[in-house]
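Shown below: input.pdb, with PDB, C-alpha atoms, pLDDT in the B column.
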MODEL        1
ATOM      1  CA  MET A 147       5.638 -10.451 -19.037  1.00 95.00           C
ATOM      2  CA  ARG A 148       6.942  -7.148 -17.720  1.00 98.00           C
ATOM      3  CA  VAL A 149       4.292  -5.925 -15.311  1.00 98.00           C
ATOM      4  CA  ALA A 150       3.400  -2.913 -13.193  1.00 98.00           C
ATOM      5  CA  VAL A 151       1.787  -3.673  -9.843  1.00 98.00           C
ATOM      6  CA  LEU A 152      -1.026  -1.419  -8.635  1.00 96.00           C
ATOM      7  CA  TYR A 153       0.285  -0.992  -5.101  1.00 97.00           C
ATOM      8  CA  SER A 154      -1.513   0.330  -2.021  1.00 94.00           C
ATOM      9  CA  GLY A 155       0.908  -0.932   0.617  1.00 96.00           C
ATOM     10  CA  GLY A 156      -1.760  -3.225   2.089  1.00 96.00           C
ATOM     11  CA  LYS A 157      -2.009  -7.003   2.355  1.00 97.00           C
ATOM     12  CA  ASP A 158      -3.813  -7.663  -0.944  1.00 95.00           C
ATOM     13  CA  SER A 159      -1.458  -5.686  -3.175  1.00 96.00           C
ATOM     14  CA  ASN A 160       1.521  -7.289  -1.458  1.00 98.00           C
ATOM     15  CA  LEU A 161       0.095 -10.787  -1.829  1.00 98.00           C
ATOM     16  CA  ALA A 162      -0.692 -10.070  -5.491  1.00 98.00           C
ATOM     17  CA  LEU A 163       2.881  -8.792  -5.953  1.00 98.00           C
ATOM     18  CA  LEU A 164       4.257 -11.948  -4.365  1.00 98.00           C
ATOM     19  CA  GLU A 165       2.069 -14.150  -6.578  1.00 97.00           C
ATOM     20  CA  ALA A 166       3.006 -12.236  -9.753  1.00 98.00           C
ATOM     21  CA  SER A 167       6.731 -12.312  -8.993  1.00 98.00           C
ATOM     22  CA  GLY A 168       6.730 -16.073  -9.467  1.00 95.00           C
ATOM     23  CA  SER A 169       5.874 -15.884 -13.173  1.00 96.00           C
ATOM     24  CA  HIS A 170       6.391 -12.283 -14.302  1.00 98.00           C
ATOM     25  CA  GLU A 171       9.089  -9.603 -14.246  1.00 98.00           C
ATOM     26  CA  ILE A 172       8.066  -6.825 -11.865  1.00 98.00           C
ATOM     27  CA  ALA A 173       9.045  -3.595 -13.623  1.00 98.00           C
ATOM     28  CA  CYS A 174       7.559  -1.041 -11.221  1.00 98.00           C
ATOM     29  CA  LEU A 175       4.945  -0.215  -8.620  1.00 98.00           C
ATOM     30  CA  VAL A 176       2.093   2.224  -9.298  1.00 97.00           C
ATOM     31  CA  ALA A 177       0.616   3.964  -6.257  1.00 95.00           C
ATOM     32  CA  MET A 178      -2.474   6.157  -6.350  1.00 92.00           C
ATOM     33  CA  LYS A 179      -2.832   8.732  -3.552  1.00 90.00           C
ATOM     34  CA  PRO A 180      -6.437   9.889  -3.042  1.00 87.00           C
ATOM     35  CA  LYS A 181      -7.390  13.003  -1.090  1.00 81.00           C
ATOM     36  CA  SER A 182      -9.263  11.256   1.733  1.00 76.00           C
ATOM     37  CA  LEU A 183     -10.866   8.146   3.130  1.00 77.00           C
ATOM     38  CA  GLU A 184     -13.847   8.871   0.863  1.00 74.00           C
ATOM     39  CA  SER A 185     -12.043   7.663  -2.264  1.00 74.00           C
ATOM     40  CA  TRP A 186     -14.250   5.513  -4.486  1.00 64.00           C
ATOM     41  CA  LEU A 187     -11.444   3.336  -5.817  1.00 78.00           C
ATOM     42  CA  PHE A 188      -8.203   3.612  -3.877  1.00 82.00           C
ATOM     43  CA  HIS A 189      -6.732   2.893  -0.468  1.00 75.00           C
ATOM     44  CA  TYR A 190      -5.961   6.012   1.616  1.00 72.00           C
ATOM     45  CA  PRO A 191      -4.445   5.332   5.081  1.00 84.00           C
ATOM     46  CA  ASN A 192      -0.648   5.722   5.257  1.00 92.00           C
ATOM     47  CA  MET A 193      -0.116   6.112   1.525  1.00 92.00           C
ATOM     48  CA  HIS A 194       2.637   8.597   2.442  1.00 93.00           C
ATOM     49  CA  LEU A 195       4.776   5.571   3.387  1.00 96.00           C
ATOM     50  CA  VAL A 196       4.537   3.734   0.064  1.00 96.00           C
ATOM     51  CA  GLU A 197       7.883   5.237  -0.973  1.00 96.00           C
ATOM     52  CA  LEU A 198       9.490   3.513   2.021  1.00 97.00           C
ATOM     53  CA  GLN A 199       7.898   0.194   1.046  1.00 98.00           C
ATOM     54  CA  ALA A 200       9.115   0.599  -2.541  1.00 98.00           C
ATOM     55  CA  GLU A 201      12.628   1.194  -1.212  1.00 98.00           C
ATOM     56  CA  ALA A 202      12.323  -1.934   0.935  1.00 98.00           C
ATOM     57  CA  LEU A 203      11.286  -3.878  -2.179  1.00 98.00           C
ATOM     58  CA  GLY A 204      14.012  -2.345  -4.350  1.00 98.00           C
ATOM     59  CA  LEU A 205      11.456  -1.406  -7.023  1.00 98.00           C
ATOM     60  CA  PRO A 206      10.843   1.874  -8.886  1.00 98.00           C
ATOM     61  CA  LEU A 207       7.655   3.675  -7.928  1.00 98.00           C
ATOM     62  CA  ILE A 208       5.257   5.794  -9.974  1.00 98.00           C
ATOM     63  CA  GLU A 209       2.938   7.894  -7.785  1.00 96.00           C
ATOM     64  CA  ARG A 210      -0.100   9.970  -8.666  1.00 93.00           C
ATOM     65  CA  GLU A 211      -2.255  12.132  -6.442  1.00 90.00           C
ATOM     66  CA  CYS A 212      -5.893  11.810  -7.403  1.00 88.00           C
ATOM     67  CA  PRO A 213      -9.313  13.129  -6.392  1.00 86.00           C
ATOM     68  CA  ASP A 214     -11.766  10.901  -4.558  1.00 86.00           C
ATOM     69  CA  ASP A 215     -14.360  10.685  -7.323  1.00 90.00           C
ATOM     70  CA  GLU A 216     -14.430   7.871  -9.859  1.00 87.00           C
ATOM     71  CA  ALA A 217     -13.790   9.882 -13.020  1.00 90.00           C
ATOM     72  CA  GLY A 218     -10.854  11.795 -11.575  1.00 91.00           C
ATOM     73  CA  SER A 219      -9.368   8.639 -10.090  1.00 90.00           C
ATOM     74  CA  LEU A 220      -9.491   6.831 -13.413  1.00 92.00           C
ATOM     75  CA  ARG A 221      -7.897   9.750 -15.263  1.00 94.00           C
ATOM     76  CA  ALA A 222      -5.032   9.751 -12.757  1.00 93.00           C
ATOM     77  CA  LEU A 223      -4.663   5.974 -13.054  1.00 94.00           C
ATOM     78  CA  LYS A 224      -4.476   6.195 -16.842  1.00 96.00           C
ATOM     79  CA  SER A 225      -1.787   8.885 -16.588  1.00 97.00           C
ATOM     80  CA  ALA A 226       0.274   6.754 -14.195  1.00 97.00           C
ATOM     81  CA  LEU A 227      -0.014   3.663 -16.384  1.00 97.00           C
ATOM     82  CA  GLU A 228       0.963   5.674 -19.460  1.00 98.00           C
ATOM     83  CA  GLU A 229       4.144   6.617 -17.600  1.00 98.00           C
ATOM     84  CA  ALA A 230       4.772   2.970 -16.654  1.00 98.00           C
ATOM     85  CA  LEU A 231       4.326   2.012 -20.300  1.00 97.00           C
ATOM     86  CA  GLU A 232       6.694   4.732 -21.506  1.00 98.00           C
ATOM     87  CA  LEU A 233       9.424   4.330 -18.869  1.00 98.00           C
ATOM     88  CA  TYR A 234       9.404   0.591 -18.284  1.00 98.00           C
ATOM     89  CA  GLY A 235       7.721  -0.971 -21.296  1.00 98.00           C
ATOM     90  CA  VAL A 236       5.173  -2.839 -19.200  1.00 98.00           C
ATOM     91  CA  GLU A 237       2.822  -5.268 -20.884  1.00 98.00           C
ATOM     92  CA  ALA A 238       0.344  -5.824 -18.070  1.00 98.00           C
ATOM     93  CA  VAL A 239      -0.939  -4.454 -14.769  1.00 98.00           C
ATOM     94  CA  VAL A 240      -1.330  -6.580 -11.631  1.00 98.00           C
ATOM     95  CA  THR A 241      -4.099  -5.693  -9.155  1.00 96.00           C
ATOM     96  CA  GLY A 242      -5.081  -7.037  -5.741  1.00 94.00           C
ATOM     97  CA  ALA A 243      -8.796  -7.276  -6.568  1.00 91.00           C
ATOM     98  CA  VAL A 244     -10.493 -10.271  -4.946  1.00 93.00           C
ATOM     99  CA  LYS A 245     -14.229 -10.152  -5.677  1.00 86.00           C
ATOM    100  CA  SER A 246     -15.033  -6.499  -6.331  1.00 82.00           C
ATOM    101  CA  THR A 247     -16.426  -6.526  -9.864  1.00 85.00           C
ATOM    102  CA  TYR A 248     -16.695  -2.733  -9.671  1.00 82.00           C
ATOM    103  CA  GLN A 249     -12.943  -2.268  -9.156  1.00 82.00           C
ATOM    104  CA  ALA A 250     -11.964  -5.028 -11.556  1.00 86.00           C
ATOM    105  CA  ARG A 251     -14.176  -3.653 -14.329  1.00 91.00           C
ATOM    106  CA  LYS A 252     -12.881  -0.101 -13.964  1.00 90.00           C
ATOM    107  CA  PHE A 253      -9.211  -1.115 -13.844  1.00 92.00           C
ATOM    108  CA  SER A 254      -9.626  -3.470 -16.786  1.00 94.00           C
ATOM    109  CA  ALA A 255     -11.240  -0.723 -18.897  1.00 95.00           C
ATOM    110  CA  VAL A 256      -8.257   1.606 -18.327  1.00 96.00           C
ATOM    111  CA  CYS A 257      -5.848  -1.200 -19.225  1.00 97.00           C
ATOM    112  CA  ASP A 258      -7.800  -1.946 -22.398  1.00 97.00           C
ATOM    113  CA  GLU A 259      -7.498   1.691 -23.486  1.00 97.00           C
ATOM    114  CA  LEU A 260      -3.716   1.409 -23.216  1.00 97.00           C
ATOM    115  CA  GLY A 261      -3.376  -2.052 -24.740  1.00 97.00           C
ATOM    116  CA  LEU A 262      -2.313  -3.591 -21.430  1.00 98.00           C
ATOM    117  CA  GLU A 263      -3.445  -6.865 -19.908  1.00 98.00           C
ATOM    118  CA  CYS A 264      -5.077  -6.683 -16.481  1.00 97.00           C
ATOM    119  CA  LEU A 265      -3.960  -9.522 -14.207  1.00 97.00           C
ATOM    120  CA  ASN A 266      -5.831 -10.305 -10.985  1.00 96.00           C
ATOM    121  CA  PRO A 267      -3.985 -13.184  -9.284  1.00 97.00           C
ATOM    122  CA  LEU A 268      -6.239 -13.120  -6.194  1.00 96.00           C
ATOM    123  CA  TRP A 269      -9.500 -12.997  -8.137  1.00 95.00           C
ATOM    124  CA  GLY A 270     -12.316 -15.218  -6.883  1.00 93.00           C
ATOM    125  CA  ARG A 271     -10.392 -16.673  -3.972  1.00 95.00           C
ATOM    126  CA  ASP A 272     -12.127 -17.492  -0.715  1.00 95.00           C
ATOM    127  CA  GLU A 273     -11.494 -14.526   1.597  1.00 95.00           C
ATOM    128  CA  VAL A 274     -10.640 -16.612   4.662  1.00 96.00           C
ATOM    129  CA  LYS A 275      -8.204 -18.776   2.721  1.00 96.00           C
ATOM    130  CA  LEU A 276      -6.650 -15.605   1.324  1.00 96.00           C
ATOM    131  CA  LEU A 277      -6.013 -14.379   4.887  1.00 97.00           C
ATOM    132  CA  GLU A 278      -4.566 -17.748   5.812  1.00 97.00           C
ATOM    133  CA  ASP A 279      -2.214 -17.383   2.854  1.00 97.00           C
ATOM    134  CA  VAL A 280      -1.110 -13.947   4.087  1.00 98.00           C
ATOM    135  CA  VAL A 281      -0.103 -15.548   7.393  1.00 98.00           C
ATOM    136  CA  LYS A 282       1.441 -18.660   5.823  1.00 98.00           C
ATOM    137  CA  ARG A 283       3.551 -16.644   3.391  1.00 97.00           C
ATOM    138  CA  ARG A 284       4.902 -14.431   6.166  1.00 97.00           C
ATOM    139  CA  ILE A 285       3.385 -11.142   5.072  1.00 98.00           C
ATOM    140  CA  GLU A 286       3.384  -8.952   8.185  1.00 98.00           C
ATOM    141  CA  ALA A 287       0.289  -6.781   7.815  1.00 98.00           C
ATOM    142  CA  ILE A 288      -1.203  -4.608  10.554  1.00 98.00           C
ATOM    143  CA  PHE A 289      -4.651  -3.023  10.803  1.00 97.00           C
ATOM    144  CA  THR A 290      -4.605   0.698  10.010  1.00 96.00           C
ATOM    145  CA  ARG A 291      -8.333   1.354   9.712  1.00 95.00           C
ATOM    146  CA  VAL A 292     -11.605  -0.086  10.977  1.00 96.00           C
ATOM    147  CA  ALA A 293     -14.901   1.183   9.579  1.00 93.00           C
ATOM    148  CA  GLY A 294     -17.912  -0.214  11.332  1.00 86.00           C
ATOM    149  CA  TYR A 295     -19.179  -2.474  14.108  1.00 91.00           C
ATOM    150  CA  PRO A 296     -18.269  -5.165  15.146  1.00 93.00           C
ATOM    151  CA  LEU A 297     -14.673  -4.224  14.280  1.00 96.00           C
ATOM    152  CA  SER A 298     -13.273  -1.736  16.795  1.00 96.00           C
ATOM    153  CA  LYS A 299     -10.188   0.425  17.188  1.00 96.00           C
ATOM    154  CA  ALA A 300      -8.715  -2.218  19.513  1.00 96.00           C
ATOM    155  CA  LEU A 301      -7.606  -3.937  16.274  1.00 97.00           C
ATOM    156  CA  LEU A 302      -5.500  -0.981  15.112  1.00 98.00           C
ATOM    157  CA  GLY A 303      -1.812  -1.874  15.008  1.00 97.00           C
ATOM    158  CA  LYS A 304      -2.583  -5.569  15.506  1.00 98.00           C
ATOM    159  CA  ARG A 305      -0.923  -7.992  13.125  1.00 98.00           C
ATOM    160  CA  ILE A 306      -2.991 -10.344  10.984  1.00 98.00           C
ATOM    161  CA  ASP A 307      -2.167 -13.723  12.509  1.00 98.00           C
ATOM    162  CA  SER A 308      -4.018 -17.009  12.898  1.00 97.00           C
ATOM    163  CA  SER A 309      -6.130 -15.694  15.798  1.00 97.00           C
ATOM    164  CA  VAL A 310      -7.237 -12.692  13.738  1.00 97.00           C
ATOM    165  CA  VAL A 311      -8.079 -14.942  10.787  1.00 97.00           C
ATOM    166  CA  GLU A 312     -10.278 -17.027  13.110  1.00 97.00           C
ATOM    167  CA  LEU A 313     -11.977 -13.862  14.396  1.00 96.00           C
ATOM    168  CA  LEU A 314     -12.739 -12.558  10.902  1.00 96.00           C
ATOM    169  CA  ALA A 315     -13.977 -15.989   9.824  1.00 96.00           C
ATOM    170  CA  ARG A 316     -16.454 -15.939  12.716  1.00 96.00           C
ATOM    171  CA  LEU A 317     -17.602 -12.442  11.739  1.00 95.00           C
ATOM    172  CA  LYS A 318     -18.059 -13.182   8.032  1.00 91.00           C
ATOM    173  CA  SER A 319     -21.839 -12.771   8.337  1.00 90.00           C
ATOM    174  CA  TYR A 320     -21.214  -9.129   9.296  1.00 91.00           C
ATOM    175  CA  VAL A 321     -18.039  -8.109   7.449  1.00 92.00           C
ATOM    176  CA  ASN A 322     -16.112  -9.222   4.383  1.00 92.00           C
ATOM    177  CA  PRO A 323     -13.153 -11.152   5.870  1.00 94.00           C
ATOM    178  CA  SER A 324     -10.778  -9.639   3.302  1.00 92.00           C
ATOM    179  CA  GLY A 325     -11.982  -6.095   4.042  1.00 92.00           C
ATOM    180  CA  GLU A 326     -12.624  -5.458   0.349  1.00 85.00           C
ATOM    181  CA  GLY A 327     -15.884  -3.713   1.167  1.00 82.00           C
ATOM    182  CA  GLY A 328     -13.980  -1.084   3.146  1.00 85.00           C
ATOM    183  CA  GLU A 329     -14.536  -2.736   6.531  1.00 92.00           C
ATOM    184  CA  TYR A 330     -10.840  -2.405   7.332  1.00 95.00           C
ATOM    185  CA  GLU A 331      -7.482  -1.437   5.806  1.00 94.00           C
ATOM    186  CA  THR A 332      -3.981  -2.767   6.386  1.00 96.00           C
ATOM    187  CA  PHE A 333      -0.348  -1.752   6.013  1.00 97.00           C
ATOM    188  CA  VAL A 334       2.486  -4.212   5.340  1.00 98.00           C
ATOM    189  CA  LEU A 335       5.644  -3.919   7.415  1.00 98.00           C
ATOM    190  CA  ASP A 336       7.453  -6.918   5.951  1.00 98.00           C
ATOM    191  CA  SER A 337       7.111  -9.662   3.363  1.00 98.00           C
ATOM    192  CA  PRO A 338       9.399 -12.245   1.733  1.00 98.00           C
ATOM    193  CA  LEU A 339      10.166  -9.737  -1.061  1.00 98.00           C
ATOM    194  CA  PHE A 340      11.179  -6.925   1.311  1.00 98.00           C
ATOM    195  CA  ARG A 341      14.942  -6.471   1.619  1.00 98.00           C
ATOM    196  CA  LYS A 342      14.421  -4.499   4.828  1.00 98.00           C
ATOM    197  CA  ARG A 343      11.581  -4.187   7.301  1.00 98.00           C
ATOM    198  CA  VAL A 344       9.440  -1.075   7.764  1.00 98.00           C
ATOM    199  CA  THR A 345       9.558  -0.167  11.467  1.00 98.00           C
ATOM    200  CA  PRO A 346       7.076   2.451  12.776  1.00 98.00           C
ATOM    201  CA  LEU A 347       8.512   4.942  15.258  1.00 98.00           C
ATOM    202  CA  ARG A 348       5.569   7.264  15.950  1.00 97.00           C
ATOM    203  CA  TRP A 349       1.848   6.940  15.330  1.00 97.00           C
ATOM    204  CA  ARG A 350      -1.513   8.272  16.419  1.00 97.00           C
ATOM    205  CA  VAL A 351      -5.113   7.069  16.352  1.00 97.00           C
ATOM    206  CA  GLU A 352      -7.924   9.220  14.960  1.00 96.00           C
ATOM    207  CA  GLY A 353     -11.658   8.608  15.025  1.00 95.00           C
ATOM    208  CA  SER A 354     -14.231   6.846  17.166  1.00 96.00           C
ATOM    209  CA  GLU A 355     -14.538   3.359  18.627  1.00 96.00           C
ATOM    210  CA  TYR A 356     -15.915   1.769  15.453  1.00 95.00           C
ATOM    211  CA  ASP A 357     -14.542   4.124  12.790  1.00 95.00           C
ATOM    212  CA  ALA A 358     -10.880   4.863  13.374  1.00 96.00           C
ATOM    213  CA  VAL A 359      -7.547   5.177  11.594  1.00 95.00           C
ATOM    214  CA  LEU A 360      -4.002   4.437  12.721  1.00 96.00           C
ATOM    215  CA  VAL A 361      -1.760   7.121  11.200  1.00 96.00           C
ATOM    216  CA  ILE A 362       1.918   6.154  11.139  1.00 97.00           C
ATOM    217  CA  GLU A 363       3.671   9.505  11.559  1.00 97.00           C
ATOM    218  CA  GLU A 364       7.241   8.277  11.229  1.00 97.00           C
ATOM    219  CA  ALA A 365       8.834   5.004  10.116  1.00 98.00           C
ATOM    220  CA  VAL A 366      12.281   3.793   9.064  1.00 98.00           C
ATOM    221  CA  LEU A 367      13.759   0.791   7.318  1.00 98.00           C
ATOM    222  CA  THR A 368      15.601  -1.644   9.562  1.00 98.00           C
ATOM    223  CA  ASP A 369      17.520  -4.850   8.908  1.00 97.00           C
ATOM    224  CA  LYS A 370      15.460  -8.015   8.933  1.00 92.00           C
ATOM    225  CA  GLY A 371      16.147 -10.170  11.970  1.00 74.00           C
TER
ENDMDL
END
Could you rewrite the structure in this file as structure tokens?
Amino acid sequence: MRVAVLYSGGKDSNLALLEASGSHEIACLVAMKPKSLESWLFHYPNMHLVELQAEALGLPLIERECPDDEAGSLRALKSALEEALELYGVEAVVTGAVKSTYQARKFSAVCDELGLECLNPLWGRDEVKLLEDVVKRRIEAIFTRVAGYPLSKALLGKRIDSSVVELLARLKSYVNPSGEGGEYETFVLDSPLFRKRVTPLRWRVEGSEYDAVLVIEEAVLTDKG
């Protein structure tokens, strides 16, 4: 099928994109840009760099700014998917939902209204195994937000590697290892589908020890080594 990928720039949407590319034609990316970290449905940190990631992937991008509340977010999502349907003739939407029935239900309802299938290739997977897959499949994802003890701002900018997977597995009694509950957010610098790598040049850290964001102020595309 021709599919649109709901794309946040983080590890889950990139893993879902990689999974979908094996059996579907990726027609475009759809990125929702909420007003703040308080968004009910969508990823916020570093969404200003999604255009650079789309360029690295060589895929067209449909963007929509949206409010933080649920109703406004869903209206904006419907508008973006209507554009994907009109411009690219998509038949389905791919999401990076893992176990959030709230997100999956809301996204599926919008797709149903438009006659689109909603595909969730990561759905129901064990969160630790999902992280292991991110590492194994060479998706270079860094932490861009932490939101609550025991995760601290020392993680910001750190790549998800085998040592981080082990750490999150040990902390699974306290946080969702995949971060789907908002415990942390990520940004992908490279993946097997990227034609070039996203290289940060300037960044800053905002927030407190246990609630902080890494804001990438400037980044460029560089050749993959």
For this session: Would you please work out which residue, of A:Ile208, A:Leu277, A:Met193, A:Ala200, is nearest to Val361 in chain A when using all atoms listed in the file?
Result: A:Met193
For this session: Can you give me, as a ChimeraX atom specification, the residues this file yields under the PyMOL selection byres ((chain A and resi 364-369) around 7)?
Result: /A:342-349,362-363,370-371
For this session: Run the PyMOL selection byres ((chain A and resi 290-294) around 6) on the file and write out the hits as a list in words.
Result: Phe289, Tyr295, Leu297, Leu302, Glu329, Tyr330, Glu331, Thr332, Tyr356, Asp357, Ala358, Val359 and Leu360 of chain A
Compile the contact shell of Glu228 in chain A as a compact mmCIF listing (two decimals) with C-alpha atoms, in the coordinates of the input: residues with an atom at most 8 Å away, counting all atoms listed in the file, same-chain residues fewer than 4 positions apart removed.
# COMPACT_ATOMS: atom_id res chain seq x y z
CA LYS A 224 -4.48 6.20 -16.84
CA GLU A 232 6.69 4.73 -21.51
CA LEU A 260 -3.72 1.41 -23.22
For this session: Could you tell me how far CA of Leu265 in chain A lies from CA of Ala226 in chain A, in Å and to one decimal?
Result: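 Going from CA of Leu265 in chain A over to CA of Ala226 in chain A covers 16.8 Å.
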Exercise. If the PyMOL selection byres ((chain A and resi 257) around 10) is run on the structure shown, which residues does it catch, given as a PyMOL selection string?
Worked result: chain A and resi 223-224+227-228+237-239+251-256+258-265
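From CA of Glu216 in chain A back to CA of Val236 in chain A, the distance works out to 24.2 Å.
Considering only C-alpha atoms, the residue among A:Met178, A:Leu335, A:Leu187, A:Val151 positioned nearest to Pro206 in chain A is A:Val151.
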For this session: Have a look at A:Ser246, A:Pro191, A:Glu326, A:Glu355 and name the one nearest to Pro296 in chain A; count all atoms listed in the file.
Result: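 Closest candidate: A:Glu355.
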